[in-house]
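Visitor: Take this structure first; my questions come after.
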Amino acid sequence: MRISKWSEKLFGTPLFEPLVAFSFLFPLLYLVVFLIVPVLAMLFIAFTYEGNFSLHWFKSILGSSYYIQLPPQGDFVTKQVTATGETIYLIRGIDFGVIINSLVVAFFVTLLASLIGTIFAFVMARYDFKGKNFFRIALFIPLLVTPFVNAYVIKRMFIEYGLVNFILHDIFQIPFRIKIDGLVGVALAQAMAYYPIVYLNAYASFINIDPTLEEQAENLGSKSFHLFRTVTFPLALPGIAAGATLVFIFSLEDLAAPIVFHGDPLAKKLMSFQIFSKFISEFGERSPEIAALSIIMLTLAILAFLGIRKYVSLRQYAMLSKGGRWKPRVSDPRPWQKVIIYVLLLPLLLFTIFPQIGVVLLAFSKQWSVTVLPHGFTTNYIKEMIINPDVRRYIVNSLVYSGSAVILIILLAVTSSYAAGRFKGALSPVLESIVILPIAVPGIVVAMGYFYFFSNLFPNTILDPVSITFNPAFVLILSYSIRRLPFAARSVYAGLQQVHVSLEESSLNLGASRWKTITGILLPLISLNVFGGGMLSFVYAMSETSTSITLGSIAIEKAPITAFMKDIMLSAAGSVNIAAALGVLLITVQIISIVVVNIITKQRYAFIGLT
Amino acid sequence: MVEVKLKDVVKTFGETVALKGVDLEIKHGELFTLLGPSGCGKSTTLRIIAGLDFPDRGEIWFDDSEVTYLSSSERGAVLVFQNYALWPHMTVYDNIAYGLKVRKLPKSEIDKKVRWALELVKLEGFEDRYPTQLSGGQQQRVAIARALVVEPKLLLLDEPLSNLDAKLRLEMRSEIRRIQRELGITVIYVTHDQEEAMAISDRIAVMNIGNIEQVGTPREIYEQPRTEFVASFMGKTNVIPAKVVEREENKVTVEFESFRLDGLTYNEKNDNVVIVIRPERISLHPIENAVTLTGKVDLIEYYGFFIEIVGLFGEKRIIARTISDKDIKGLKPQGEVTFYINREDILVLPRQQL
């Protein structure tokens with residue numbers, strides 16, 4: 001056999017090996033065909049007007065005061081007096097136009113989430129205090145995804161007679177009530193849901209700082225805040241920034257909060273909601289304006305993503321540890337720090353986990369209207385969820401789609417990790433980047449890309465969303481498998497890095513084939529990572545919203561649960577309690593998965609990351 | 001048993017040239033060592049022989065067949081990795097049996113061979129243990145058994161002793177030698193430890209930055225180093241830059257500082273030279289017809305079973321070694337000392353270009 005120059009160049013193997021080539025080409029082609037090409041198809045449509053290349057759609061968007069409104073309009077706070085003479089301050093935010101609103105909301109969500117997340121991370125990483133384990137568990141609760149329902153509970157927390165006013169007005173006797181709605185409501189709901197993402201990333205950064213670096217600084221006379229500002233914080237910053245970027249992208253693409261707050265017209269003036277509502281209000285071919293708006297949103301998300309990648313790669317501080325065990329720097333808090341922990345952080349934590357508690361209460365409540373807590377409890381909604389054949393069908397649909405997607409995800413994650421992690425070909429870095437790219441592509445953009453892609457390339461087939469024969473199963477499985485791939489890919493890649501390459505080389509060297517080496521040596525050694533990654537992907541596939549509530553709700557028979565939950569939220573008639581019951585189901589699946597994964601793989605914090 | 005030939009093997013990794021045209025011939029049943037500092041290319045050479053890396057240019061031959069681009073699994077040159085690379089999810093038995101299972105041998109045959117291998121490395125009774133339940137030395141034995149059980153044409157050992165403590169290292173060293181003699185197998189051994197290489201090898205190739213500097217028996221390498229690098233790499237030695245000032249046929253007179261040494265053998269053209277003197281070949285007693293160097297005592301260092309005297313000759317330090325306490329009587333720091341060296345113990349080598 002002669003060596004193959006192009007195999008060496010592309011795959012890093014001088015001898016052409018079909019299995020290695022497959023490991024490169026399968027995930028690469030899959031992502032190109034089902035992620036890049038649909039986005040390009042949308043790009044093509046966005047730049048086409050009356051058959052020619054044109055900036056028409058972008059001009060019409062960017063030139064419209066609906067999308068960019070400068071100076072902004074409206075009052076941030078308005079004062080209302082009710083018939084009973086009570087004063088209510090209504091806080092909604094001001095209108096900068098759709099595009100700037102999205103950016104402003106995402107900016108403040110990121111700021112708030114980063115601040116809270118970093119404070120919690122620092123306290124958890126550096127102090128020992130009573131109740132720390134409660135904090136540790138509670139900090140995961142906001143990460144439990146219950147699409148729409150938790151945003152719904154948050155909305156209720158901020159109404160005139162909700163939890164916030166109960167605390168401020170009824171307990172602390174503040175002489176007025178506040179109501180939060182519109183963009184401010186959306187931002188608060190997102191910040192409460194997303195701050196644990198920063199927390200996890202920041203926590204990992206804090207505990208990964210070599211303690212001797214801080215000890216040396218102390219030894220040289222630095223202490224307390226100076227030490228934090230000059231050594232600790234800069235070293236943790238890449239992790240914090242990575243978490244913050246994720247929050248920024250998540251906020252930008254979030255549909256659940258705007259849909260829940262859509263009663264206030266201001267909450268609709270966000271890019272994600274605009275794309276969504278234009279999509280569902282039109283029939284047949286959609287206006288290219290949607291495509292153009294999607295491209296604008298994608299550009300913003302990708303810029304944030306590339307920015308953070310560049311920044312983090314520039315600040316890869318190699319911790320030059322020379323052996324020795326790390327003694328974690330954990331100390332007892334001083335009295336004033338205890339005050340902060342118990343008087344400030346604990347109530348804040350309880351406040352942020354209330355939405356998830358509220359979802360459970362809602363699922364079991366008989367009546368819950370203008371009171372802080374529900375009146376009377378019932379299991380009827382849980383029963384209905386199980387008995388009602390319609391609801392059961394949605395559950396089965398979701399299970400089937402997510403399960404199928406996970407099979408694809410595992411195949412993609414294993415092949416791409418193996419190729420990118422073991423071989424140094426020209427395609428390796430390409431593959432490494434493209435596998436985490438789905439994080440940076442907003443779900444609604446994937447949905448729109450698929451819409452244009454499949455309706456133009458496969459007209460009048462079951463893949464064509466415009467056709468009456470459309471079956472969303474295939475499209476949703478594709479979308480889930482791509483959008484949730486990064487979770488599993490990260491996990492598998494991390495496992496692969498733990499396995500020394502000589503274990504595989506010695507197998508090859510003893511005469512085993514590549515296939516035998518992968519199946520007999522590598523896969524058994526990384527099986528826990530594959531399992532853990534698969535579970536996480538499954539959990540997040542079950543709660544996927546963007547494609548599920550757009551393409552997924554076209555054929556109602558084949559819709560997944562999130563599409564059904566969206567319908568409840570958008571129509572006044574549906575039962576929110578049933579949606580909450582589905583939320584409880586999702587929470588249960590997530591808790592079980594996360595506990596199982598943590599027990600089996602002994603990996604904590606392997607949830608969401610970016611780098 | 002196999003004879004291995006490397007012909008002009010070149011290997012680059014990106015910009016760095018790891019091997020700059022390596023030629024080697026390794027004979028049947030020989031224990032051949034690649035010796036050199038880290039980064040000299042010795043492990044790369046071994047991996048290329050194992051088929052885990054492929055050269056950019058050049059050929060590798062096993063007996064009469066070219067194997068340059070044969071994949072590792074087809075080559076039959078089995079490598080024992082520096083970290084042993086035992087599979088943690090398999091027992092000792094399964095680790096050793098792996099290569100036989102790959103070859104689809106019948107179960108009874110596998111069992112017989114595994115027992116033979118376990119006996120060979122003296123690990124009977126450890127079949128059901130997992131690698132993590134073994135000590136470093138035992139893991140090493142499993143790795144060797146796993147390699148030998150497939151009856152390889154060629155056994156490759158990559159720094160096999162570097163992860164063991166000093167005592168175990170000596171034990172395993174003679175163990176490897178014993179097994180090699182018992183099986184009469186060709187072994188290529190990689191190490192950076194010159195003492196280890198001397199003790200175990202039939203022949204040694206000393207490597208430096210991608211080149212073979214010298215090939216020879218341990219004695220040849222130690223006593224007749226052909227380059228400055230080989231001389232300085234093989235144990236503690238005095239390497240003193242000097243200049244040829246007179247030539248007469250193959251005899252030269254060299255000069256360093258204000259010292260002149262005449263009647264030394266040197267055939268090369270280059271006048272920039274080093275003189276190499278082994279510390280143990282320097283006498284503190286007068287010898288007839290010897291070269292004498294008189295300088296100051298700089299240091300006297302006590303090592304237990306020998307003593308070193310560091311003499312200062314102008315700016316140059318020269319170390320002499322003795323095992324006799326009597327030799328240092330009367331010597332004290334800053335005092336005068338005279339070194340006596342036979343002319344045949346002084347090697348003159350061309351100075352290496354950097």
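In the structure tokens, the first chain shown is A, the next is B, and so on; residue numbers restart at 1 for each chain, and ligands run from 1 in the order shown.
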What are the closest atom pairs, with distances in Å to one decimal, for all residues of chain B lying within 8 Å of chain A? Consider only C-alpha atoms, order rows by chain and residue number, and present the result as a tab-separated table.
Guide:
```
residue	atom	partner	partner_atom	distance
B:Ala50	CA	A:Asn509	CA	7.1
B:Gly51	CA	A:Asn509	CA	7.7
B:Leu52	CA	A:Glu505	CA	7.2
B:Phe54	CA	A:Pro14	CA	7.0
B:Tyr69	CA	A:Met1	CA	6.0
B:Leu70	CA	A:Met1	CA	6.6
B:Ser71	CA	A:Leu15	CA	7.5
B:Ser72	CA	A:Asn509	CA	5.0
B:Ser73	CA	A:Gly511	CA	3.7
B:Glu74	CA	A:Gly511	CA	6.1
B:Arg75	CA	A:Asn509	CA	7.9
B:Gly76	CA	A:Leu510	CA	7.3
B:Ala77	CA	A:Asn509	CA	7.4
B:Val78	CA	A:Asn509	CA	6.0
B:Leu79	CA	A:Asn509	CA	6.9
B:Val80	CA	A:Ser506	CA	7.8
B:Phe81	CA	A:Ser502	CA	7.1
B:Ala85	CA	A:Leu503	CA	4.8
B:Leu86	CA	A:Leu503	CA	6.7
B:Trp87	CA	A:Leu503	CA	6.4
B:His89	CA	A:Leu525	CA	7.1
B:Tyr98	CA	A:Leu510	CA	7.9
B:Gly99	CA	A:Leu510	CA	5.2
B:Val102	CA	A:Ala512	CA	5.7
B:Arg103	CA	A:Gly511	CA	7.5
B:Ala147	CA	A:Leu510	CA	7.4
B:Val150	CA	A:Leu510	CA	7.8
```
Visitor: I need the chosen residues saved as an mmCIF file, in the first residue's frame, with C-alpha atoms.
Guide:
```cif
data_model
loop_
_atom_site.group_PDB
_atom_site.id
_atom_site.type_symbol
_atom_site.label_atom_id
_atom_site.label_comp_id
_atom_site.auth_asym_id
_atom_site.auth_seq_id
_atom_site.Cartn_x
_atom_site.Cartn_y
_atom_site.Cartn_z
ATOM 1 C CA ALA B 50 5.987 -0.053 14.666
ATOM 2 C CA GLY B 51 3.886 1.407 11.851
ATOM 3 C CA LEU B 52 2.182 3.974 14.078
ATOM 4 C CA PHE B 54 4.857 6.887 8.555
ATOM 5 C CA TYR B 69 3.650 1.710 4.407
ATOM 6 C CA LEU B 70 2.282 -1.417 5.987
ATOM 7 C CA SER B 71 -0.247 -0.550 8.692
ATOM 8 C CA SER B 72 0.667 -1.266 12.275
ATOM 9 C CA SER B 73 -1.833 -4.107 12.598
ATOM 10 C CA GLU B 74 -0.287 -5.973 9.651
ATOM 11 C CA ARG B 75 3.326 -5.416 10.570
ATOM 12 C CA GLY B 76 3.948 -7.751 13.494
ATOM 13 C CA ALA B 77 6.362 -5.392 15.220
ATOM 14 C CA VAL B 78 4.890 -5.146 18.682
ATOM 15 C CA LEU B 79 5.486 -2.074 20.791
ATOM 16 C CA VAL B 80 5.484 -1.922 24.580
ATOM 17 C CA PHE B 81 4.431 1.630 25.382
ATOM 18 C CA ALA B 85 -1.172 1.166 27.723
ATOM 19 C CA LEU B 86 -2.949 -1.617 29.563
ATOM 20 C CA TRP B 87 -6.697 -1.550 28.991
ATOM 21 C CA HIS B 89 -11.559 -2.388 31.509
ATOM 22 C CA TYR B 98 -6.312 -9.725 23.179
ATOM 23 C CA GLY B 99 -3.774 -10.126 20.395
ATOM 24 C CA VAL B 102 -7.655 -10.813 17.194
ATOM 25 C CA ARG B 103 -5.788 -13.591 15.406
ATOM 26 C CA ALA B 147 3.463 -8.176 23.467
ATOM 27 C CA VAL B 150 1.676 -13.009 19.899
#
```
Visitor: Might you pull out every residue within 9 Å of Val123 in chain A, with only C-alpha atoms counted and same-chain residues fewer than 4 positions away left off, and present them as a PDB file with C-alpha atoms, in the first residue's frame?
Guide:
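This is the output file result-v3.pdb:
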```
ATOM      1  CA  THR A 118     -20.795  35.149  39.428  1.00  0.00           C
ATOM      2  CA  ILE A 119     -21.682  36.130  42.990  1.00  0.00           C
ATOM      3  CA  TYR A 127     -17.017  29.626  51.434  1.00  0.00           C
ATOM      4  CA  ASP A 128     -18.246  26.917  53.729  1.00  0.00           C
ATOM      5  CA  PRO A 333     -17.449  33.458  55.918  1.00  0.00           C
ATOM      6  CA  ILE A 341     -25.359  34.995  52.269  1.00  0.00           C
TER       7      ILE A 341
END
```
Visitor: Which polymer residues have any atom within 6 Å of an atom of Val276 in chain B, counting only C-alpha atoms, with same-chain residues fewer than 3 positions away left out, as a count of residues only?
Guide: 4
Visitor: If you run DSSP on this backbone, which residues of range 134-250 of chain B come out as strand (DSSP E), and could you give them as a PyMOL selection string?
Guide: chain B and resi 154-158+186-191+203-208+211-216+238-248
Visitor: Write a file of the selected residues as a PDB file, in the first residue's frame, keeping C-alpha atoms.
Guide:
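So the final result, stored in selection37.pdb, reads:
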```
ATOM      1  CA  LEU B 154      10.257  -7.824  16.556  1.00  0.00           C
ATOM      2  CA  LEU B 155       9.749  -6.409  20.038  1.00  0.00           C
ATOM      3  CA  LEU B 156       9.897  -2.659  20.514  1.00  0.00           C
ATOM      4  CA  LEU B 157      10.343  -1.184  23.977  1.00  0.00           C
ATOM      5  CA  ASP B 158       9.778   2.540  24.496  1.00  0.00           C
ATOM      6  CA  THR B 186      15.129  -9.137  18.034  1.00  0.00           C
ATOM      7  CA  VAL B 187      14.505  -6.219  20.386  1.00  0.00           C
ATOM      8  CA  ILE B 188      14.728  -2.493  19.762  1.00  0.00           C
ATOM      9  CA  TYR B 189      14.956  -0.588  22.968  1.00  0.00           C
ATOM     10  CA  VAL B 190      14.575   3.154  23.470  1.00  0.00           C
ATOM     11  CA  THR B 191      16.014   4.994  26.438  1.00  0.00           C
ATOM     12  CA  ARG B 203      24.659  -2.498  20.270  1.00  0.00           C
ATOM     13  CA  ILE B 204      23.693   1.124  20.750  1.00  0.00           C
ATOM     14  CA  ALA B 205      22.803   3.921  18.342  1.00  0.00           C
ATOM     15  CA  VAL B 206      23.310   7.327  19.903  1.00  0.00           C
ATOM     16  CA  MET B 207      20.872   9.866  18.473  1.00  0.00           C
ATOM     17  CA  ASN B 208      20.901  13.628  18.559  1.00  0.00           C
ATOM     18  CA  ASN B 211      20.550  12.158  13.457  1.00  0.00           C
ATOM     19  CA  ILE B 212      22.384   8.976  14.330  1.00  0.00           C
ATOM     20  CA  GLU B 213      25.687  10.114  15.830  1.00  0.00           C
ATOM     21  CA  GLN B 214      27.308   6.732  16.284  1.00  0.00           C
ATOM     22  CA  VAL B 215      26.450   3.035  16.243  1.00  0.00           C
ATOM     23  CA  GLY B 216      28.486   0.484  18.137  1.00  0.00           C
ATOM     24  CA  ASN B 238      35.767  16.348  30.559  1.00  0.00           C
ATOM     25  CA  VAL B 239      35.237  18.064  27.251  1.00  0.00           C
ATOM     26  CA  ILE B 240      37.676  20.925  26.761  1.00  0.00           C
ATOM     27  CA  PRO B 241      37.678  23.175  23.694  1.00  0.00           C
ATOM     28  CA  ALA B 242      41.149  23.446  22.237  1.00  0.00           C
ATOM     29  CA  LYS B 243      43.031  24.372  19.066  1.00  0.00           C
ATOM     30  CA  VAL B 244      45.424  22.338  16.927  1.00  0.00           C
ATOM     31  CA  VAL B 245      48.698  24.276  16.776  1.00  0.00           C
ATOM     32  CA  GLU B 246      51.009  21.706  15.210  1.00  0.00           C
ATOM     33  CA  ARG B 247      50.502  18.685  12.965  1.00  0.00           C
ATOM     34  CA  GLU B 248      52.853  15.879  12.081  1.00  0.00           C
TER      35      GLU B 248
END
```
Visitor: Which neighbours of Val17 in chain B fall inside 10 Å, counting only C-alpha atoms, when residues of the same chain fewer than 5 positions from it are skipped, and could you give them as a ChimeraX atom specification?
Guide: /B:10-12,41,209-210
Visitor: Contacts of range 310-323 of chain B at 12 Å or less, counting only C-alpha atoms, minus same-chain residues fewer than 4 places along, as a ChimeraX atom specification?
Guide: /B:236-242,256-260,275-285,292-306,327-329,331-341
Visitor: Take the selection from the previous step and output its residues with C-alpha atoms, as a JSON list (two decimals), in the first residue's frame.
Guide:
```
[["chain", "number", "residue", "atom", "x", "y", "z"],
["B", 236, "LYS", "CA", 30.36, 12.45, 33.13],
["B", 237, "THR", "CA", 33.40, 13.45, 31.19],
["B", 238, "ASN", "CA", 35.77, 16.35, 30.56],
["B", 239, "VAL", "CA", 35.24, 18.06, 27.25],
["B", 240, "ILE", "CA", 37.68, 20.92, 26.76],
["B", 241, "PRO", "CA", 37.68, 23.17, 23.69],
["B", 242, "ALA", "CA", 41.15, 23.45, 22.24],
["B", 256, "PHE", "CA", 44.02, 25.39, 25.52],
["B", 257, "GLU", "CA", 44.50, 28.28, 27.90],
["B", 258, "SER", "CA", 48.29, 28.21, 28.30],
["B", 259, "PHE", "CA", 48.57, 24.43, 28.23],
["B", 260, "ARG", "CA", 50.06, 22.51, 25.35],
["B", 275, "ILE", "CA", 39.84, 17.11, 23.95],
["B", 276, "VAL", "CA", 37.94, 14.47, 25.83],
["B", 277, "ILE", "CA", 39.29, 12.88, 29.00],
["B", 278, "ARG", "CA", 37.36, 10.45, 31.20],
["B", 279, "PRO", "CA", 37.67, 11.45, 34.89],
["B", 280, "GLU", "CA", 38.64, 7.93, 35.94],
["B", 281, "ARG", "CA", 41.55, 7.92, 33.49],
["B", 282, "ILE", "CA", 43.24, 10.84, 35.20],
["B", 283, "SER", "CA", 45.84, 9.87, 37.72],
["B", 284, "LEU", "CA", 47.03, 11.89, 40.66],
["B", 285, "HIS", "CA", 50.29, 9.93, 40.73],
["B", 292, "THR", "CA", 50.96, 16.52, 32.96],
["B", 293, "LEU", "CA", 48.67, 19.37, 33.84],
["B", 294, "THR", "CA", 49.34, 21.49, 36.89],
["B", 295, "GLY", "CA", 46.67, 23.75, 38.29],
["B", 296, "LYS", "CA", 44.74, 24.64, 41.40],
["B", 297, "VAL", "CA", 42.29, 22.52, 43.39],
["B", 298, "ASP", "CA", 38.86, 24.05, 43.02],
["B", 299, "LEU", "CA", 36.69, 21.50, 44.85],
["B", 300, "ILE", "CA", 36.89, 18.06, 46.34],
["B", 301, "GLU", "CA", 33.57, 16.21, 46.20],
["B", 302, "TYR", "CA", 32.89, 13.07, 48.17],
["B", 303, "TYR", "CA", 30.46, 10.60, 46.52],
["B", 304, "GLY", "CA", 30.85, 7.62, 48.80],
["B", 305, "PHE", "CA", 32.38, 5.01, 46.61],
["B", 306, "PHE", "CA", 34.54, 7.51, 44.77],
["B", 327, "ASP", "CA", 45.08, 10.15, 46.60],
["B", 328, "ILE", "CA", 43.57, 13.25, 48.10],
["B", 329, "LYS", "CA", 45.89, 13.44, 51.04],
["B", 331, "LEU", "CA", 45.18, 18.25, 48.55],
["B", 332, "LYS", "CA", 43.20, 21.24, 49.73],
["B", 333, "PRO", "CA", 41.10, 23.85, 47.98],
["B", 334, "GLN", "CA", 43.21, 26.50, 46.25],
["B", 335, "GLY", "CA", 46.28, 24.27, 46.72],
["B", 336, "GLU", "CA", 48.33, 23.03, 43.80],
["B", 337, "VAL", "CA", 47.49, 19.77, 42.03],
["B", 338, "THR", "CA", 48.96, 17.88, 39.10],
["B", 339, "PHE", "CA", 46.97, 15.55, 36.83],
["B", 340, "TYR", "CA", 48.77, 12.79, 34.88],
["B", 341, "ILE", "CA", 47.10, 11.39, 31.78]]
```
Visitor: Any idea what's packed within 8 Å of Met271 in chain A, counting only C-alpha atoms, ignoring anything in its chain fewer than 5 positions away? Could you give it as a short mmCIF file (atom, residue, chain, number, x, y, z; two decimals) with N, CA and C atoms, in the first residue's frame?
Guide:
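Result saved to part38.cif:
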```
data_model
loop_
_atom_site.label_atom_id
_atom_site.label_comp_id
_atom_site.auth_asym_id
_atom_site.auth_seq_id
_atom_site.Cartn_x
_atom_site.Cartn_y
_atom_site.Cartn_z
N VAL A 98 -38.04 46.74 17.15
CA VAL A 98 -37.84 45.31 17.34
C VAL A 98 -36.36 44.90 17.50
N ILE A 99 -35.51 45.36 16.58
CA ILE A 99 -34.12 44.86 16.59
C ILE A 99 -33.38 45.36 17.82
N SER A 102 -34.51 43.74 21.10
CA SER A 102 -33.92 42.42 21.32
C SER A 102 -32.54 42.56 21.92
N LEU A 252 -31.59 36.16 23.13
CA LEU A 252 -31.92 36.62 21.78
C LEU A 252 -32.93 35.69 21.10
N LEU A 293 -35.12 38.97 8.43
CA LEU A 293 -35.05 39.20 9.87
C LEU A 293 -34.27 38.08 10.56
N MET A 297 -30.85 38.30 12.88
CA MET A 297 -30.74 37.69 14.20
C MET A 297 -29.56 36.73 14.24
#
```
Visitor: Could you pull out the alpha helix (DSSP H) residues of range 147-327 of chain B, going by DSSP on the backbone, and write them as number ranges by chain?
Guide: B: 147-148, 166-183, 194-200, 218-223, 228-233
Visitor: B:Pro350, B:Gly136, B:Pro218, B:Pro37: which is nearest Phe233 in chain B, counting only C-alpha atoms?
Guide: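 Result for the nearest residue to Phe233 in chain B: B:Pro37.
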Visitor: Each residue of range 271-346 of chain A with at least one atom at most 12 Å from range 129-152 of chain A should appear once, together with its nearest atom pair and the corresponding distance in Å (one decimal); atoms considered: only C-alpha atoms; ordering: chain, then increasing residue number; output as a tab-separated table.
Guide:
```
residue	atom	partner	partner_atom	distance
A:Val330	CA	A:Phe129	CA	10.0
A:Ser331	CA	A:Phe129	CA	8.8
A:Asp332	CA	A:Phe129	CA	6.5
A:Pro333	CA	A:Phe129	CA	7.0
A:Arg334	CA	A:Phe129	CA	10.2
A:Pro335	CA	A:Phe129	CA	11.2
A:Gln337	CA	A:Phe129	CA	10.2
A:Lys338	CA	A:Phe129	CA	8.1
A:Val339	CA	A:Phe129	CA	11.4
A:Ile340	CA	A:Phe129	CA	11.8
A:Ile341	CA	A:Phe129	CA	8.8
A:Tyr342	CA	A:Gly131	CA	9.5
A:Leu345	CA	A:Phe135	CA	9.5
A:Leu346	CA	A:Phe135	CA	7.9
```
Visitor: Within 9 Å of Lys566 in chain A, counting only C-alpha atoms, which residues show up once you throw out same-chain ones fewer than 3 positions away? Write them as a ChimeraX atom specification, please.
Guide: /A:147-148,256,259-260,545,549,561-563,569-571,579
Visitor: At what distance in Å, to one decimal, does CA of Gly97 in chain A lie from CA of Leu43 in chain A?
Guide: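 Here the two named atoms are 22.9 Å from each other.
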Visitor: In Å, how far is it from CA of Leu427 in chain A to CA of Ala405 in chain A?
Guide: 24.8 Å
